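Data from upload.cif: mmCIF, C-alpha atoms
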data_my_file
#
loop_
_atom_site.label_atom_id
_atom_site.label_comp_id
_atom_site.auth_asym_id
_atom_site.auth_seq_id
_atom_site.Cartn_x
_atom_site.Cartn_y
_atom_site.Cartn_z
CA MET A 1490 0.00 0.00 0.00
CA THR A 1491 3.06 2.20 -0.23
CA ASP A 1492 5.55 2.75 -3.06
CA ARG A 1493 6.25 -0.99 -2.93
CA CYS A 1494 2.51 -1.63 -3.45
CA TRP A 1495 -0.21 -3.87 -2.23
CA HIS A 1496 0.26 -5.84 -5.41
CA LEU A 1497 -0.97 -9.35 -4.65
CA LEU A 1498 -3.05 -10.53 -7.62
CA SER A 1499 -2.66 -7.14 -9.32
CA GLY A 1500 -0.72 -8.41 -12.31
CA LEU A 1501 2.47 -6.62 -11.25
CA ARG A 1502 4.50 -9.77 -10.52
CA ARG A 1503 2.73 -12.32 -12.69
CA ARG A 1504 -0.05 -12.20 -15.21
CA VAL A 1505 -3.58 -12.54 -13.86
CA ASP A 1506 -6.10 -13.82 -16.39
CA ASP A 1507 -9.17 -13.19 -14.22
CA PRO A 1508 -9.43 -9.46 -13.42
CA GLU A 1509 -11.98 -10.15 -10.65
CA LEU A 1510 -9.74 -12.63 -8.82
CA ARG A 1511 -8.12 -9.95 -6.66
CA ASN A 1512 -11.48 -8.39 -5.80
CA ARG A 1513 -12.88 -11.78 -4.78
CA PHE A 1514 -9.79 -12.44 -2.67
CA LEU A 1515 -10.05 -9.08 -0.85
CA ASN A 1516 -13.77 -9.68 -0.22
CA LEU A 1517 -12.97 -13.12 1.18
CA LEU A 1518 -10.42 -11.59 3.57
CA ALA A 1519 -12.98 -8.99 4.72
CA LYS A 1520 -15.79 -11.52 5.08
CA HIS A 1521 -13.66 -13.53 7.50
CA ASN A 1522 -12.34 -10.47 9.38
CA ALA A 1523 -8.77 -11.22 8.34
CA ILE A 1524 -5.98 -8.96 9.52
CA VAL A 1525 -3.07 -8.95 7.08
CA LEU A 1526 0.32 -8.84 8.81
CA CYS A 1527 3.41 -7.83 6.83
CA ALA A 1528 6.93 -7.66 8.23
CA HIS A 1529 10.46 -6.72 7.33
CA LEU A 1530 9.29 -3.62 5.57
CA HIS A 1531 11.10 -0.34 5.89
CA ARG A 1532 8.07 1.61 7.14
CA TYR A 1533 5.51 1.13 9.86
CA ALA A 1534 1.95 1.48 8.62
CA VAL A 1535 -1.62 0.57 9.44
CA ALA A 1536 -4.16 0.76 6.65
CA CYS A 1537 -7.79 -0.17 6.07
CA ARG A 1538 -9.20 -1.04 2.68
CA VAL A 1539 -12.96 -1.21 2.12
CA THR A 1540 -14.56 -4.03 0.12
CA ASP A 1541 -18.19 -4.95 -0.52
CA SER A 1542 -17.86 -7.56 2.26
CA GLY A 1543 -16.29 -5.31 4.89
CA THR A 1544 -12.94 -3.78 5.74
CA VAL A 1545 -9.53 -5.42 5.48
CA VAL A 1546 -6.95 -4.21 8.01
CA GLN A 1547 -3.28 -4.40 7.05
CA VAL A 1548 -0.42 -3.91 9.52
CA MET A 1549 3.08 -3.33 8.14
CA VAL A 1550 5.95 -3.65 10.60
CA ASN A 1551 9.31 -1.94 10.12
CA SER A 1552 11.53 -4.60 11.62
CA VAL A 1553 14.75 -3.00 10.38
CA ASN A 1554 15.98 -1.63 13.71
CA ARG A 1555 18.91 0.77 13.60
CA GLY A 1556 19.65 0.83 17.32
CA PHE A 1557 18.29 0.53 20.84
CA ASN A 1558 17.22 4.12 21.50
CA ILE A 1559 15.22 5.07 18.44
CA MET A 1560 13.02 8.10 18.94
CA PRO A 1561 9.50 7.85 17.55
CA PRO A 1562 8.47 10.41 14.95
CA ALA A 1563 6.62 13.51 16.07
CA THR A 1564 3.83 12.73 13.61
CA LEU A 1565 2.71 9.95 11.31
CA GLN A 1566 1.64 10.45 7.72
CA THR A 1567 -2.14 10.00 7.56
CA LEU A 1568 -2.88 10.98 3.96
CA TYR A 1569 -2.99 8.04 1.58
CA LYS A 1570 -1.25 9.48 -1.50
CA GLY A 1571 -1.84 6.76 -4.08
CA SER A 1572 0.72 7.21 -6.85
CA GLY A 1573 2.37 9.94 -4.79
CA PHE A 1574 4.18 7.14 -2.95
CA VAL A 1575 6.03 6.31 -6.17
CA ASP A 1576 7.23 9.92 -6.40
CA ASP A 1577 8.61 9.67 -2.84
CA ASN A 1578 10.94 6.84 -3.86
CA PRO A 1579 11.60 7.23 -7.62
CA ASP A 1580 14.69 5.00 -7.64
CA PHE A 1581 12.78 1.92 -6.45
CA GLN A 1582 12.12 -0.43 -9.39
CA PRO A 1583 11.83 2.20 -12.15
CA ALA A 1584 10.62 -0.44 -14.62
CA THR A 1585 7.41 -0.95 -12.59
CA GLN A 1586 6.64 2.71 -11.83
CA ASN A 1587 3.75 3.07 -14.27
CA ALA A 1588 2.08 -0.14 -13.13
CA ARG A 1589 2.53 0.79 -9.47
CA ARG A 1590 1.10 4.27 -10.08
CA ARG A 1591 -1.99 2.71 -11.66
CA ILE A 1592 -2.42 0.18 -8.85
CA LEU A 1593 -1.95 2.74 -6.07
CA ASP A 1594 -4.31 5.28 -7.65
CA ASN A 1595 -6.94 2.56 -8.12
CA GLU A 1596 -6.58 1.57 -4.45
CA LYS A 1597 -6.81 5.15 -3.18
CA LYS A 1598 -10.60 5.31 -3.36
CA PHE A 1599 -10.89 2.20 -1.15
CA VAL A 1600 -8.51 3.25 1.65
CA ASN A 1601 -10.46 4.74 4.56
CA TYR A 1602 -7.74 4.71 7.23
CA PHE A 1603 -4.01 5.15 6.83
CA GLN A 1604 -1.04 6.01 8.97
CA SER A 1605 2.60 5.47 8.20
CA GLY A 1606 5.99 6.51 9.49
CA ASP A 1607 9.65 5.69 9.78
CA VAL A 1608 9.25 3.79 13.05
CA PRO A 1609 11.55 0.77 13.26
CA GLY A 1610 10.44 -1.61 15.97
CA TYR A 1611 8.31 -4.61 16.73
CA ALA A 1612 4.67 -5.42 17.26
CA LEU A 1613 2.67 -7.56 19.64
CA ILE A 1614 -0.78 -8.70 18.61
CA THR A 1615 -3.09 -9.44 21.54
CA ILE A 1616 -6.35 -11.35 21.18
CA ARG A 1617 -8.74 -10.65 24.03
CA GLU A 1618 -11.38 -13.35 24.06
CA LYS A 1619 -13.21 -11.66 26.96
CA ASP A 1620 -14.24 -8.65 24.86
CA ASN A 1621 -13.65 -10.19 21.41
CA THR A 1622 -10.96 -7.71 20.33
CA VAL A 1623 -7.61 -7.83 18.60
CA ASN A 1624 -5.11 -5.13 19.59
CA LEU A 1625 -1.82 -4.06 18.06
CA SER A 1626 0.87 -2.77 20.42
CA TYR A 1627 3.70 -1.24 18.41
CA TYR A 1628 7.07 -0.55 20.03
CA ASN A 1629 9.67 1.79 18.55
CA GLY A 1630 13.21 0.37 18.54
CA PHE A 1631 13.58 -2.07 21.41
CA SER A 1632 11.40 -0.05 23.77
CA VAL A 1633 9.48 -1.75 26.57
CA THR A 1634 6.67 0.84 26.41
CA PRO A 1635 4.35 0.80 23.39
CA TYR A 1636 4.65 3.72 21.00
CA GLN A 1637 1.09 3.10 19.90
CA ILE A 1638 -1.80 0.77 20.78
CA ILE A 1639 -4.54 0.30 18.19
CA ASN A 1640 -7.75 -1.69 18.48
CA LEU A 1641 -7.71 -3.52 15.14
CA THR A 1642 -11.22 -4.86 15.71
CA ASP A 1643 -12.55 -1.28 15.76
CA LEU A 1644 -10.73 -0.58 12.48
CA GLN A 1645 -12.44 -3.57 10.88
CA LYS A 1646 -15.77 -1.88 11.61
CA LEU A 1647 -14.89 1.30 9.69
CA LYS A 1648 -17.14 1.98 6.74
CA ASP A 1649 -16.36 3.66 3.45
CA ASP A 1650 -16.06 7.43 3.92
CA ASN A 1651 -15.64 8.14 0.20
#

Please express what this file holds, its structure, as structure tokens.
Amino acid sequence: MTDRCWHLLSGLRRRVDDPELRNRFLNLLAKHNAIVLCAHLHRYAVACRVTDSGTVVQVMVNSVNRGFNIMPPATLQTLYKGSGFVDDNPDFQPATQNARRRILDNEKKFVNYFQSGDVPGYALITIREKDNTVNLSYYNGFSVTPYQIINLTDLQKLKDDN
């Protein structure tokens, strides 16, 4: 969902003969309240993508720690820029820029929650059966205090604001 794309079944890596396959897959994830976890990325991000069957939550963890005492950013980026992400990192895979721009601009209208930042660290996912919630606790660097705690179950309930 950034300059590196949310490209699964988009045709970016391999040809997809059924153009609706990706849409069906995303709806299946939403129908079953799936939370997509991605790691070893170079940015921390939480994003929600609306489908006809509900909202898919994606958590991207920046596991590339640069030290023990990493300061968290003052702010996180909250505007989902679509193809603007490609402009932020123009040297990344120049041969796929046009395809990534198209994919990211197409996705933009479905993203109803987004935050991202350069926050290396680690995440703990907690499932609370008592109140039927899933929480993300994100720690910057090797901190013992969470930088951010997000109720992912609440994010799954977000509706399309567009």

Can you list every residue of segment 1604-1650 of chain A that has an atom at most 7 Å from segment 1559-1580 of chain A, with its nearest atom pair and the distance in Å to one decimal, using all atoms listed in the file, ordered by chain then number, as a Markdown table?
| residue | atom | partner | partner_atom | distance |
| --- | --- | --- | --- | --- |
| A:Gln1604 | CA | A:Thr1567 | CA | 4.4 |
| A:Ser1605 | CA | A:Gln1566 | CA | 5.1 |
| A:Gly1606 | CA | A:Leu1565 | CA | 5.1 |
| A:Val1608 | CA | A:Pro1561 | CA | 6.1 |
| A:Asn1629 | CA | A:Pro1561 | CA | 6.1 |
| A:Gly1630 | CA | A:Ile1559 | CA | 5.1 |

Hey, which of A:Val1535, A:Ile1592, A:Asp1643, A:Val1545 ends up closest to Tyr1627 of chain A? Count all atoms listed in the file. A:Val1535

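Between atom CA of Asn1640 of chain A and atom CA of Leu1625 of chain A the separation is 6.4 Å.
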
Pick out the residues sitting within 12 Å of Asp1620 of chain A, and hand them over as a PyMOL selection string; count only C-alpha atoms, and ignore anything fewer than 3 positions along from it in its own chain. chain A and resi 1615-1617+1623-1624+1640+1642-1643

Would you output that residue set with C-alpha atoms, as a PDB file, in the coordinates of the input?
ATOM      1  CA  THR A1615      -3.090  -9.440  21.540  1.00  0.00           C
ATOM      2  CA  ILE A1616      -6.350 -11.350  21.180  1.00  0.00           C
ATOM      3  CA  ARG A1617      -8.740 -10.650  24.030  1.00  0.00           C
ATOM      4  CA  VAL A1623      -7.610  -7.830  18.600  1.00  0.00           C
ATOM      5  CA  ASN A1624      -5.110  -5.130  19.590  1.00  0.00           C
ATOM      6  CA  ASN A1640      -7.750  -1.690  18.480  1.00  0.00           C
ATOM      7  CA  THR A1642     -11.220  -4.860  15.710  1.00  0.00           C
ATOM      8  CA  ASP A1643     -12.550  -1.280  15.760  1.00  0.00           C
TER       9      ASP A1643
END

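Residues matched by the PyMOL selection byres ((chain A and resi 1520) around 9) in this file are A:Leu1515, A:Asn1516, A:Leu1517, A:Leu1518, A:Ala1519, A:His1521, A:Asn1522, A:Ala1523, A:Asp1541, A:Ser1542, A:Gly1543, A:Thr1544, A:Val1545.
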
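Shortest atom-to-atom contact with Ser1552 of chain A among A:Ala1612, A:Leu1641, A:Cys1537, A:Ala1584: A:Ala1612, counting all atoms listed in the file.
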
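Straight-line separation from atom CA of Phe1599 of chain A to atom CA of Tyr1628 of chain A: 27.9 Å.
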